[in-house]
Structures are given as C-alpha cells and as structure tokens.
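**Student:** Supplied in structure tokens, the structure appears directly below.
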Amino acid sequence: MLQEEKYKTGNEDISSCPNESVRRAFQVAVIGGGLAGLSLSILLSKAGYKTILFEKEKYPFHKVCGEYISMESWNFITSLGLNLSELNLPIIQKLMVSSPGGDFIKANLDLGGFGISRYFLDNKLRDIAIKNGVKVFEETKVTEVIFNEEMFSLKYNGGEMNAAIAAGSFGKRSNLDIKWKRDFIKQKNNKLNNYIGVKYHIKTEFPADTIALHNFKNGYCGISKVENDEYCLCYLTTAENLKKNHNSIKEMEKNILYKNPFLKEIFSASEFLFKEPVTISQISFDKKTQIENHILMLGDAAGMITPLCGNGMSMAFHSAGIAFGNIDLFLKGNIGRKEMEKRYCGEWEKQFAKRFRNGRIIQGFFGKEKLTNLFIRAIKPFPFVIDRMIKGTHGEEF
Ligand SMILES: Cc1cc2nc3c(=O)[nH]c(=O)nc-3n(C[C@H](O)[C@H](O)[C@H](O)COP(=O)(O)OP(=O)(O)OC[C@H]3O[C@@H](n4cnc5c(N)ncnc54)[C@H](O)[C@@H]3O)c2cc1C
C-alpha cells in the first residue's frame, strides 16, 4: 500500500463530538493553535491533507506578545489567505531604544514590520483554517501523545484519536513539556530562564511608524501600534524583579519601570484598556529539541528567541513552512519518517541557529542597568551598529 493511501483513512466528521471518546485516523494532528500551529494546519489542509488542530483556549483571546511582526512574514501570511493590505495596519519603520536612565537612540528599520494584535490575528487564521477544512477543536487540551507502530495516539480532554504525523506547536511551556520532562524544564534557574511577560493594550500618543524599546533594571518594555488605534505595551522581566516587589505588578512598575522617564510618562498618561494585564511566567530561552519522540516541534516549542529581537512570530510562521514541506514529502511517500525528521532538523538549524545565537548575546547586554546605559551612550553616534544587530537576528522574506 502506498504511504499516501495508508494514511488516508477515517473520513467521519467528528467536529460535533469533541468531548466523546472517539478513535479516528487523521493524517496530521497539530497540538496548539498559535501562529505556528494555525499556519501549518492551513498549509496542510490547502494541500488536501486531513488535519486536526487542538487549542486549549477559546478564540479570540489575548496573548502576551509585543505584536510587532517583521515584514519578512507579510507575503507568507497573505498566501495563507489573510489579505493584510486590506486591514490598514500600522507599518513600522523606525526604532527607538532608551536606556534605564532615559538616554536614547533612534534608527531606521531596514526591513521594518507591522502591528497587529494576537486577539485579531490568531482568530482570523482560525477562521481561514476552518474554511479550508481543518477540524479545529477549541477548549481542548492534549494530555498525552504516544507513538506506536508508525501512528500517534493522542489523548485530549474528552477523547482520543490517531494520526500519522503529530506536530507540537504548543508554545513556550506546556503541560506536555512537563509531562515529557524536556531538558529546558529540568534546567535550574539561570540567566536564560525564569522570566515573566506582561501585556496591556492602551490608547496613547505615539508615532504609528515607530516601535520603542525602553529598558529598565532587569527588563525591557516595547510599545508599538496595532489595529483600531490601540497600542500594545508589553514587557519582559525577571521573576526575581516581581518577587522583590511583593509579587505586585503595580508595585514593580512604580518602583522599577518608572525609573525610565519614557515609561513613567507612558504609564501615567495613557488610557489602559484591560482591567488586568495579560501575564505569563516561567519563560525560558534555553535550547530545545526540534523532535521529541517523533513529534515535529514548531515555533516556540522548538526554541524561543528573546522578544528583544522582535521576530519570534516570523520564526513560528517560517518553521511551519519548513515542517509543511517535509510532511508533504513524507505523506506523498517520497521520503520515510527518519528522513523527514532529519531534513526538518537540518533545515530548522540552517534557518534559525545563527539568529538564536545572536539573540542570546544581545539579551545578555540588556537589563543590566549600568551596561545598558553605557551601551546606548556608546553606540549613539553609530546607528548602523543597531542595523547590523537587527539583521543578525532576522531572516529574509519567505
Ligand atoms: C514578552 C514577549 C513579547 C514578544 N513580542 C514579540 C514581538 O513583538 N514580535 C514577535 O515576532 N514575537 C514576539 N514574541 C514572541 C512570540 O509571541 C512567539 O514567538 C510566538 O507567539 C510563537 O508562536 P507559537 O505558535 O509557537 O506559540 P503560541 O502563540 O504561544 O501558541 C501556542 C498555543 O498552544 C496552546 N497550547 C499549549 N498547550 C496545549 C495543549 N496541551 N493542548 C492544546 N493547546 C495547547 C496555547 O494555548 C497556545 O495558544 C514575544 C514574546 C514575549 C514573551
């Protein structure tokens, strides 16, 4: 039997019974419906593969993210079926970086980016996935994945199913990472892990074509425009910073972030649109593996670049493109599973390894109060240095 035929089984529509115990074969099961998972499932369904996607939350929902997407993803997102040109999104071509003391530099962004909220973007991509035939199970958490006799068996709240391929696009840190005891979970606290992220949407006065990165002690805060005349205000800092401020976000902001005069102004003079900020903890930039027990890892689940580099979302999209190419070859019977995994890892490494290395070096500079003050002062007369640093963490259009 051809590999293609072997995996083309089970045509029943199970979308109406997500909470019953069902056992059906899909060609691909995608675990996690963020940008990596949604874009992979759209590519697969467009190519005619029977695809199921599990997302533990209900769309639309907010996520901690700076919501600035590098232009390298524009064509890819459009090719998925989302016409970005129609959305009148802010196009961002300028960068401002300030030190904790308030010194600052400005630079033009060579490639630049655009602003769009995750609330809006992920929901739109979910609609496109469904339109293309992906079975999207929302509010459905995958709790176990077992590989046996060339098939994956997945358990989720309320049921189980089989698939020929499983893709892990469950983001920075999930229940499955803990269950599988992945290496980054076992790491002791170090300077590449144990960060927290905080996000607000605000109304404020700020140029629509600019993204600013304001540094403070042990962290940095980005601000840039998204759709609907709103701005995304999002910061990353150490869990230690929060602990020292009695685990109070407000207290930490007042005691630490406000020392940067730009942040004090933004926090004091803007209208905050959420009752409470969206937050995440235990963020790790430690190395991860790209295959776990034959599951292809995508996006943040394969490795998380520091937000300072501003292109984690593009890397999530790009990893979906690489995974799709190899899954397609496998399901057509052109390559075996071992070859698919090897090729995926090789292409992932070629595309992203250098960016990760540069991202970790740059991350090391920031957050240290004195060093950042000194750094900003030192490179002020040489804005091209910033340009070189940005290029070192970004890729080409794909
Ligand atoms: C503070 C901060 C600021 C950032 N700013 C930017 C920026 O400005 N620009 C940029 O390009 N990148 C930025 N990033 C990075 C960017 O947010 C990520 O790289 C990107 O979201 C990765 O997408 P993903 O699809 O891999 O994961 P996610 O978008 O996190 O999606 C993973 C999904 O999996 C779901 N899930 C998890 N476990 C399960 C399970 N067991 N079953 C079912 N579903 C599950 C989750 O609910 C989630 O929806 C930032 C990150 C942080 C922390």
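Identifiers for the structure tokens are assigned positionally: chains receive A, B, ... in sequence, residues are indexed from 1 per chain, and ligands are indexed from 1 in the order shown.
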Compile a residue-level contact table for chain A against ligand 1 at a cut-off of 6 Å, reporting for every qualifying residue the shortest atom pair and its distance in Å to one decimal, with only C-alpha atoms and all ligand atoms counted, rows ordered by chain and ascending number, as JSON lines.

**Tutor:**
```
{"residue": "A:Ile31", "atom": "CA", "partner": "ligand 1", "partner_atom_place_in_ligand_line": "43 (C)", "distance": 5.2}
{"residue": "A:Gly32", "atom": "CA", "partner": "ligand 1", "partner_atom_place_in_ligand_line": "34 (O)", "distance": 3.2}
{"residue": "A:Gly33", "atom": "CA", "partner": "ligand 1", "partner_atom_place_in_ligand_line": "33 (C)", "distance": 4.7}
{"residue": "A:Gly34", "atom": "CA", "partner": "ligand 1", "partner_atom_place_in_ligand_line": "31 (O)", "distance": 3.3}
{"residue": "A:Leu35", "atom": "CA", "partner": "ligand 1", "partner_atom_place_in_ligand_line": "25 (O)", "distance": 3.8}
{"residue": "A:Ala36", "atom": "CA", "partner": "ligand 1", "partner_atom_place_in_ligand_line": "25 (O)", "distance": 3.8}
{"residue": "A:Gly37", "atom": "CA", "partner": "ligand 1", "partner_atom_place_in_ligand_line": "25 (O)", "distance": 5.6}
{"residue": "A:Phe54", "atom": "CA", "partner": "ligand 1", "partner_atom_place_in_ligand_line": "43 (C)", "distance": 4.8}
{"residue": "A:Glu55", "atom": "CA", "partner": "ligand 1", "partner_atom_place_in_ligand_line": "44 (N)", "distance": 3.7}
{"residue": "A:Lys56", "atom": "CA", "partner": "ligand 1", "partner_atom_place_in_ligand_line": "44 (N)", "distance": 4.0}
{"residue": "A:Glu57", "atom": "CA", "partner": "ligand 1", "partner_atom_place_in_ligand_line": "47 (O)", "distance": 5.3}
{"residue": "A:Val64", "atom": "CA", "partner": "ligand 1", "partner_atom_place_in_ligand_line": "2 (C)", "distance": 5.7}
{"residue": "A:Cys65", "atom": "CA", "partner": "ligand 1", "partner_atom_place_in_ligand_line": "4 (C)", "distance": 3.8}
{"residue": "A:Gly66", "atom": "CA", "partner": "ligand 1", "partner_atom_place_in_ligand_line": "8 (O)", "distance": 3.2}
{"residue": "A:Glu67", "atom": "CA", "partner": "ligand 1", "partner_atom_place_in_ligand_line": "8 (O)", "distance": 4.4}
{"residue": "A:Tyr68", "atom": "CA", "partner": "ligand 1", "partner_atom_place_in_ligand_line": "8 (O)", "distance": 4.0}
{"residue": "A:Ile69", "atom": "CA", "partner": "ligand 1", "partner_atom_place_in_ligand_line": "11 (O)", "distance": 4.8}
{"residue": "A:Thr140", "atom": "CA", "partner": "ligand 1", "partner_atom_place_in_ligand_line": "43 (C)", "distance": 5.8}
{"residue": "A:Lys141", "atom": "CA", "partner": "ligand 1", "partner_atom_place_in_ligand_line": "42 (N)", "distance": 3.6}
{"residue": "A:Val142", "atom": "CA", "partner": "ligand 1", "partner_atom_place_in_ligand_line": "42 (N)", "distance": 4.0}
{"residue": "A:Thr143", "atom": "CA", "partner": "ligand 1", "partner_atom_place_in_ligand_line": "41 (N)", "distance": 5.7}
{"residue": "A:Ser169", "atom": "CA", "partner": "ligand 1", "partner_atom_place_in_ligand_line": "26 (O)", "distance": 5.4}
{"residue": "A:Phe170", "atom": "CA", "partner": "ligand 1", "partner_atom_place_in_ligand_line": "34 (O)", "distance": 3.4}
{"residue": "A:Gly171", "atom": "CA", "partner": "ligand 1", "partner_atom_place_in_ligand_line": "27 (O)", "distance": 3.5}
{"residue": "A:Lys172", "atom": "CA", "partner": "ligand 1", "partner_atom_place_in_ligand_line": "30 (O)", "distance": 5.9}
{"residue": "A:Ser174", "atom": "CA", "partner": "ligand 1", "partner_atom_place_in_ligand_line": "38 (N)", "distance": 4.6}
{"residue": "A:Asn175", "atom": "CA", "partner": "ligand 1", "partner_atom_place_in_ligand_line": "41 (N)", "distance": 5.6}
{"residue": "A:Leu176", "atom": "CA", "partner": "ligand 1", "partner_atom_place_in_ligand_line": "41 (N)", "distance": 5.8}
{"residue": "A:Gly197", "atom": "CA", "partner": "ligand 1", "partner_atom_place_in_ligand_line": "1 (C)", "distance": 4.4}
{"residue": "A:Cys234", "atom": "CA", "partner": "ligand 1", "partner_atom_place_in_ligand_line": "1 (C)", "distance": 5.8}
{"residue": "A:Tyr235", "atom": "CA", "partner": "ligand 1", "partner_atom_place_in_ligand_line": "1 (C)", "distance": 5.2}
{"residue": "A:Leu236", "atom": "CA", "partner": "ligand 1", "partner_atom_place_in_ligand_line": "1 (C)", "distance": 4.7}
{"residue": "A:Gly299", "atom": "CA", "partner": "ligand 1", "partner_atom_place_in_ligand_line": "26 (O)", "distance": 3.4}
{"residue": "A:Asp300", "atom": "CA", "partner": "ligand 1", "partner_atom_place_in_ligand_line": "26 (O)", "distance": 3.9}
{"residue": "A:Ala301", "atom": "CA", "partner": "ligand 1", "partner_atom_place_in_ligand_line": "26 (O)", "distance": 5.8}
{"residue": "A:Pro307", "atom": "CA", "partner": "ligand 1", "partner_atom_place_in_ligand_line": "4 (C)", "distance": 4.4}
{"residue": "A:Gly310", "atom": "CA", "partner": "ligand 1", "partner_atom_place_in_ligand_line": "9 (N)", "distance": 4.1}
{"residue": "A:Asn311", "atom": "CA", "partner": "ligand 1", "partner_atom_place_in_ligand_line": "11 (O)", "distance": 3.3}
{"residue": "A:Gly312", "atom": "CA", "partner": "ligand 1", "partner_atom_place_in_ligand_line": "19 (O)", "distance": 3.3}
{"residue": "A:Met313", "atom": "CA", "partner": "ligand 1", "partner_atom_place_in_ligand_line": "11 (O)", "distance": 3.6}
{"residue": "A:Ser314", "atom": "CA", "partner": "ligand 1", "partner_atom_place_in_ligand_line": "11 (O)", "distance": 5.5}
{"residue": "A:Ala316", "atom": "CA", "partner": "ligand 1", "partner_atom_place_in_ligand_line": "26 (O)", "distance": 5.1}
```

**Student:** Restricted to N, CA and C atoms, what would the selected residues look like written as a short mmCIF file (atom, residue, chain, number, x, y, z; two decimals), in the first residue's frame?

**Tutor:**
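What landed in out15.cif:
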```cif
data_model
loop_
_atom_site.label_atom_id
_atom_site.label_comp_id
_atom_site.auth_asym_id
_atom_site.auth_seq_id
_atom_site.Cartn_x
_atom_site.Cartn_y
_atom_site.Cartn_z
N ILE A 31 -0.88 20.15 17.61
CA ILE A 31 -1.18 20.41 19.03
C ILE A 31 -0.79 21.84 19.37
N GLY A 32 -1.78 22.72 19.51
CA GLY A 32 -1.52 24.13 19.83
C GLY A 32 -1.86 25.02 18.66
N GLY A 33 -2.83 25.89 18.85
CA GLY A 33 -3.31 26.74 17.76
C GLY A 33 -2.85 28.19 17.89
N GLY A 34 -1.53 28.39 18.04
CA GLY A 34 -0.96 29.73 17.89
C GLY A 34 -0.57 29.91 16.43
N LEU A 35 0.38 30.80 16.17
CA LEU A 35 0.72 31.09 14.77
C LEU A 35 1.35 29.91 14.06
N ALA A 36 2.22 29.17 14.76
CA ALA A 36 2.88 28.02 14.12
C ALA A 36 1.84 26.95 13.77
N GLY A 37 0.99 26.59 14.75
CA GLY A 37 0.02 25.52 14.54
C GLY A 37 -1.04 25.88 13.52
N PHE A 54 -5.71 21.10 17.76
CA PHE A 54 -6.22 21.22 19.14
C PHE A 54 -5.72 22.52 19.75
N GLU A 55 -6.62 23.29 20.32
CA GLU A 55 -6.23 24.52 21.03
C GLU A 55 -6.95 24.51 22.38
N LYS A 56 -6.17 24.71 23.44
CA LYS A 56 -6.79 24.59 24.78
C LYS A 56 -7.66 25.79 25.14
N GLU A 57 -7.44 26.93 24.48
CA GLU A 57 -8.25 28.11 24.79
C GLU A 57 -9.38 28.25 23.77
N VAL A 64 0.32 37.21 25.66
CA VAL A 64 1.46 38.09 25.93
C VAL A 64 2.36 38.07 24.69
N CYS A 65 2.46 39.21 24.03
CA CYS A 65 3.26 39.33 22.81
C CYS A 65 3.35 40.81 22.47
N GLY A 66 4.48 41.23 21.93
CA GLY A 66 4.66 42.65 21.58
C GLY A 66 3.87 43.06 20.34
N GLU A 67 3.42 42.07 19.55
CA GLU A 67 2.50 42.29 18.42
C GLU A 67 3.10 43.14 17.31
N TYR A 68 4.43 43.10 17.23
CA TYR A 68 5.15 43.71 16.09
C TYR A 68 5.65 42.54 15.24
N ILE A 69 5.20 42.47 13.99
CA ILE A 69 5.65 41.35 13.13
C ILE A 69 6.60 41.87 12.07
N THR A 140 -9.74 22.48 24.04
CA THR A 140 -9.40 21.07 24.09
C THR A 140 -7.90 20.91 24.31
N LYS A 141 -7.54 20.45 25.49
CA LYS A 141 -6.12 20.32 25.83
C LYS A 141 -5.65 18.90 25.56
N VAL A 142 -4.55 18.77 24.83
CA VAL A 142 -3.97 17.45 24.60
C VAL A 142 -3.16 17.07 25.85
N THR A 143 -3.40 15.87 26.34
CA THR A 143 -2.75 15.48 27.60
C THR A 143 -1.72 14.38 27.42
N SER A 169 3.04 22.37 18.47
CA SER A 169 3.14 23.84 18.30
C SER A 169 2.48 24.47 19.51
N PHE A 170 2.86 23.94 20.69
CA PHE A 170 2.15 24.36 21.92
C PHE A 170 2.86 25.46 22.69
N GLY A 171 3.76 26.19 22.00
CA GLY A 171 4.28 27.42 22.58
C GLY A 171 5.42 27.23 23.57
N LYS A 172 5.58 28.28 24.39
CA LYS A 172 6.76 28.41 25.26
C LYS A 172 6.91 27.30 26.28
N SER A 174 4.35 24.06 28.03
CA SER A 174 3.02 23.48 28.13
C SER A 174 3.02 22.27 29.06
N ASN A 175 1.82 21.78 29.32
CA ASN A 175 1.68 20.58 30.15
C ASN A 175 2.48 19.41 29.56
N LEU A 176 2.61 19.37 28.22
CA LEU A 176 3.32 18.25 27.59
C LEU A 176 4.83 18.36 27.81
N GLY A 197 6.30 37.76 31.51
CA GLY A 197 5.87 38.70 30.47
C GLY A 197 4.54 39.34 30.87
N CYS A 234 4.12 46.04 26.17
CA CYS A 234 4.42 44.68 26.61
C CYS A 234 5.84 44.61 27.15
N TYR A 235 6.03 44.02 28.31
CA TYR A 235 7.40 43.94 28.82
C TYR A 235 7.79 42.55 29.32
N LEU A 236 9.10 42.37 29.35
CA LEU A 236 9.69 41.13 29.84
C LEU A 236 10.62 41.49 30.99
N GLY A 299 7.67 26.55 16.10
CA GLY A 299 7.52 27.81 16.83
C GLY A 299 8.28 27.79 18.14
N ASP A 300 7.68 28.40 19.17
CA ASP A 300 8.34 28.49 20.48
C ASP A 300 8.61 27.12 21.09
N ALA A 301 7.82 26.10 20.70
CA ALA A 301 8.03 24.77 21.26
C ALA A 301 9.35 24.17 20.79
N PRO A 307 12.40 38.17 23.04
CA PRO A 307 11.48 39.13 22.40
C PRO A 307 12.18 40.39 21.92
N GLY A 310 12.39 40.73 18.40
CA GLY A 310 11.16 41.12 17.71
C GLY A 310 10.76 40.26 16.53
N ASN A 311 11.14 39.00 16.51
CA ASN A 311 10.69 38.21 15.35
C ASN A 311 10.34 36.76 15.67
N GLY A 312 9.94 36.49 16.90
CA GLY A 312 9.50 35.13 17.26
C GLY A 312 8.31 34.70 16.43
N MET A 313 7.43 35.64 16.11
CA MET A 313 6.24 35.28 15.33
C MET A 313 6.64 34.86 13.91
N SER A 314 7.59 35.59 13.33
CA SER A 314 8.04 35.21 11.98
C SER A 314 8.70 33.84 12.00
N ALA A 316 7.92 31.45 14.01
CA ALA A 316 6.84 30.46 14.15
C ALA A 316 6.24 30.16 12.77
#
```

**Student:** Got a sec: who's within 9 Å of Gly101 (chain A), counting only C-alpha atoms, leaving out chain neighbours fewer than 4 positions off, as a list in words?

**Tutor:**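 The residues satisfying every condition are Asn215, Phe216, Lys259, Asn260, Pro261, Glu369, Lys370, Thr372 and Asn373 of chain A.
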
**Student:** Residues of the last selection are to be written out with C-alpha atoms, as an mmCIF file, in the first residue's frame.

**Tutor:**
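Saved to result-v8.cif:
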```
data_model
loop_
_atom_site.group_PDB
_atom_site.id
_atom_site.type_symbol
_atom_site.label_atom_id
_atom_site.label_comp_id
_atom_site.auth_asym_id
_atom_site.auth_seq_id
_atom_site.Cartn_x
_atom_site.Cartn_y
_atom_site.Cartn_z
ATOM 1 C CA ASN A 215 14.967 49.377 29.088
ATOM 2 C CA PHE A 216 14.721 49.188 32.844
ATOM 3 C CA LYS A 259 12.729 54.981 36.728
ATOM 4 C CA ASN A 260 12.914 55.179 32.955
ATOM 5 C CA PRO A 261 11.290 58.598 32.279
ATOM 6 C CA GLU A 369 21.305 48.813 34.278
ATOM 7 C CA LYS A 370 24.843 50.178 34.035
ATOM 8 C CA THR A 372 22.640 49.235 29.051
ATOM 9 C CA ASN A 373 23.200 52.908 29.938
#
```

**Student:** Counting only C-alpha atoms, which residue out of A:Ser70, A:Ser270, A:Asn358, A:Asn193 sits closest to Gly113 (chain A)?

**Tutor:**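 Nearest candidate to Gly113 (chain A) out of A:Ser70, A:Ser270, A:Asn358, A:Asn193: A:Ser70.
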
**Student:** Between A:Cys345, A:Asn247, A:Glu240, A:Cys232, which residue has the minimum interatomic distance to Asn189 (chain A), considering only C-alpha atoms?

**Tutor:**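 So, comparing all the options, the nearest one is A:Glu240.
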
**Student:** Quick one: pull the distance between CA of Asp103 (chain A) and CA of Lys250 (chain A), Å, one decimal.

**Tutor:**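 CA of Asp103 (chain A) sits 24.2 Å away from CA of Lys250 (chain A).
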
**Student:** Would you mind writing down, as a PDB file with C-alpha atoms, in the first residue's frame, each residue of region 93-224 of chain A that DSSP on the backbone assigns to alpha helix (DSSP H)?

**Tutor:**
```pdb
ATOM      1  CA  ARG A 118      -2.825  38.408  18.510  1.00  0.00           C
ATOM      2  CA  TYR A 119      -6.505  38.631  19.511  1.00  0.00           C
ATOM      3  CA  PHE A 120      -7.320  39.595  15.942  1.00  0.00           C
ATOM      4  CA  LEU A 121      -4.650  37.682  14.001  1.00  0.00           C
ATOM      5  CA  ASP A 122      -4.988  34.244  15.621  1.00  0.00           C
ATOM      6  CA  ASN A 123      -8.781  34.439  15.341  1.00  0.00           C
ATOM      7  CA  LYS A 124      -8.603  35.323  11.629  1.00  0.00           C
ATOM      8  CA  LEU A 125      -6.223  32.432  10.962  1.00  0.00           C
ATOM      9  CA  ARG A 126      -8.524  30.085  12.864  1.00  0.00           C
ATOM     10  CA  ASP A 127     -11.399  31.152  10.557  1.00  0.00           C
ATOM     11  CA  ILE A 128      -9.220  30.506   7.498  1.00  0.00           C
ATOM     12  CA  ALA A 129      -8.201  27.082   8.869  1.00  0.00           C
ATOM     13  CA  ILE A 130     -11.843  26.076   9.354  1.00  0.00           C
ATOM     14  CA  LYS A 131     -12.780  27.387   5.916  1.00  0.00           C
ATOM     15  CA  ASN A 175       1.681  20.576  30.153  1.00  0.00           C
ATOM     16  CA  LEU A 176       3.317  18.245  27.589  1.00  0.00           C
ATOM     17  CA  ASP A 177       6.774  19.786  28.131  1.00  0.00           C
ATOM     18  CA  ILE A 178       6.396  18.982  31.818  1.00  0.00           C
ATOM     19  CA  LYS A 179       4.998  15.503  31.201  1.00  0.00           C
ATOM     20  CA  ASP A 183      15.533  19.337  29.112  1.00  0.00           C
ATOM     21  CA  PHE A 184      14.633  23.031  29.434  1.00  0.00           C
ATOM     22  CA  ILE A 185      12.074  22.155  32.131  1.00  0.00           C
ATOM     23  CA  LYS A 186      14.758  20.406  34.180  1.00  0.00           C
TER      24      LYS A 186
END
```

**Student:** Would you kindly return, as a PDB file with all heavy atoms, in the first residue's frame, each protein, DNA or RNA residue with an atom no farther than 6 Å from any atom of Leu192 (chain A), considering only C-alpha atoms and excluding same-chain residues fewer than 2 positions away?

**Tutor:**
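Okay, result29.pdb is ready:
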```pdb
ATOM      1  N   ASN A 190      18.642  30.127  35.567  1.00  0.00           N
ATOM      2  CA  ASN A 190      19.881  30.736  35.076  1.00  0.00           C
ATOM      3  C   ASN A 190      19.498  32.010  34.336  1.00  0.00           C
ATOM      4  O   ASN A 190      18.326  32.408  34.330  1.00  0.00           O
ATOM      5  CB  ASN A 190      20.638  29.760  34.160  1.00  0.00           C
ATOM      6  CG  ASN A 190      19.830  29.373  32.924  1.00  0.00           C
ATOM      7  OD1 ASN A 190      19.253  30.220  32.250  1.00  0.00           O
ATOM      8  ND2 ASN A 190      19.759  28.082  32.642  1.00  0.00           N
ATOM      9  N   SER A 284      11.437  30.625  29.231  1.00  0.00           N
ATOM     10  CA  SER A 284      12.822  30.154  29.138  1.00  0.00           C
ATOM     11  C   SER A 284      13.354  30.340  27.715  1.00  0.00           C
ATOM     12  O   SER A 284      12.662  30.043  26.745  1.00  0.00           O
ATOM     13  CB  SER A 284      12.863  28.671  29.502  1.00  0.00           C
ATOM     14  OG  SER A 284      14.079  28.102  29.091  1.00  0.00           O
ATOM     15  N   PHE A 285      14.589  30.833  27.626  1.00  0.00           N
ATOM     16  CA  PHE A 285      15.242  30.934  26.311  1.00  0.00           C
ATOM     17  C   PHE A 285      16.301  29.853  26.147  1.00  0.00           C
ATOM     18  O   PHE A 285      17.145  29.925  25.264  1.00  0.00           O
ATOM     19  CB  PHE A 285      15.862  32.332  26.136  1.00  0.00           C
ATOM     20  CG  PHE A 285      14.852  33.440  26.314  1.00  0.00           C
ATOM     21  CD1 PHE A 285      14.917  34.292  27.401  1.00  0.00           C
ATOM     22  CD2 PHE A 285      13.825  33.608  25.413  1.00  0.00           C
ATOM     23  CE1 PHE A 285      13.976  35.290  27.589  1.00  0.00           C
ATOM     24  CE2 PHE A 285      12.868  34.602  25.587  1.00  0.00           C
ATOM     25  CZ  PHE A 285      12.952  35.442  26.678  1.00  0.00           C
ATOM     26  N   ASP A 286      16.277  28.869  27.037  1.00  0.00           N
ATOM     27  CA  ASP A 286      17.227  27.755  26.924  1.00  0.00           C
ATOM     28  C   ASP A 286      16.961  26.986  25.624  1.00  0.00           C
ATOM     29  O   ASP A 286      15.872  27.043  25.070  1.00  0.00           O
ATOM     30  CB  ASP A 286      17.048  26.798  28.114  1.00  0.00           C
ATOM     31  CG  ASP A 286      17.745  27.316  29.363  1.00  0.00           C
ATOM     32  OD1 ASP A 286      18.848  27.871  29.237  1.00  0.00           O
ATOM     33  OD2 ASP A 286      17.178  27.168  30.459  1.00  0.00           O
TER      34      ASP A 286
END
```

**Student:** Looking at only C-alpha atoms, which of A:Gly115, A:Gly133, A:Gly222, A:Gly168 is the one that sits closest to Leu95 (chain A)?

**Tutor:**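 Residue with the minimum atom-to-atom distance to Leu95 (chain A): A:Gly222.
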
**Student:** Could you give me the residues within region 163-279 of chain A that DSSP places in strand (DSSP E), as JSON, numbers by chain?

**Tutor:** {"A": [163, 164, 165, 166, 167, 168, 193, 194, 195, 196, 197, 198, 199, 200, 201, 202, 203, 210, 211, 212, 213, 214, 215, 216, 219, 220, 221, 222, 223, 224, 225, 231, 232, 233, 234, 235, 236, 237, 238, 271, 272, 278, 279]}
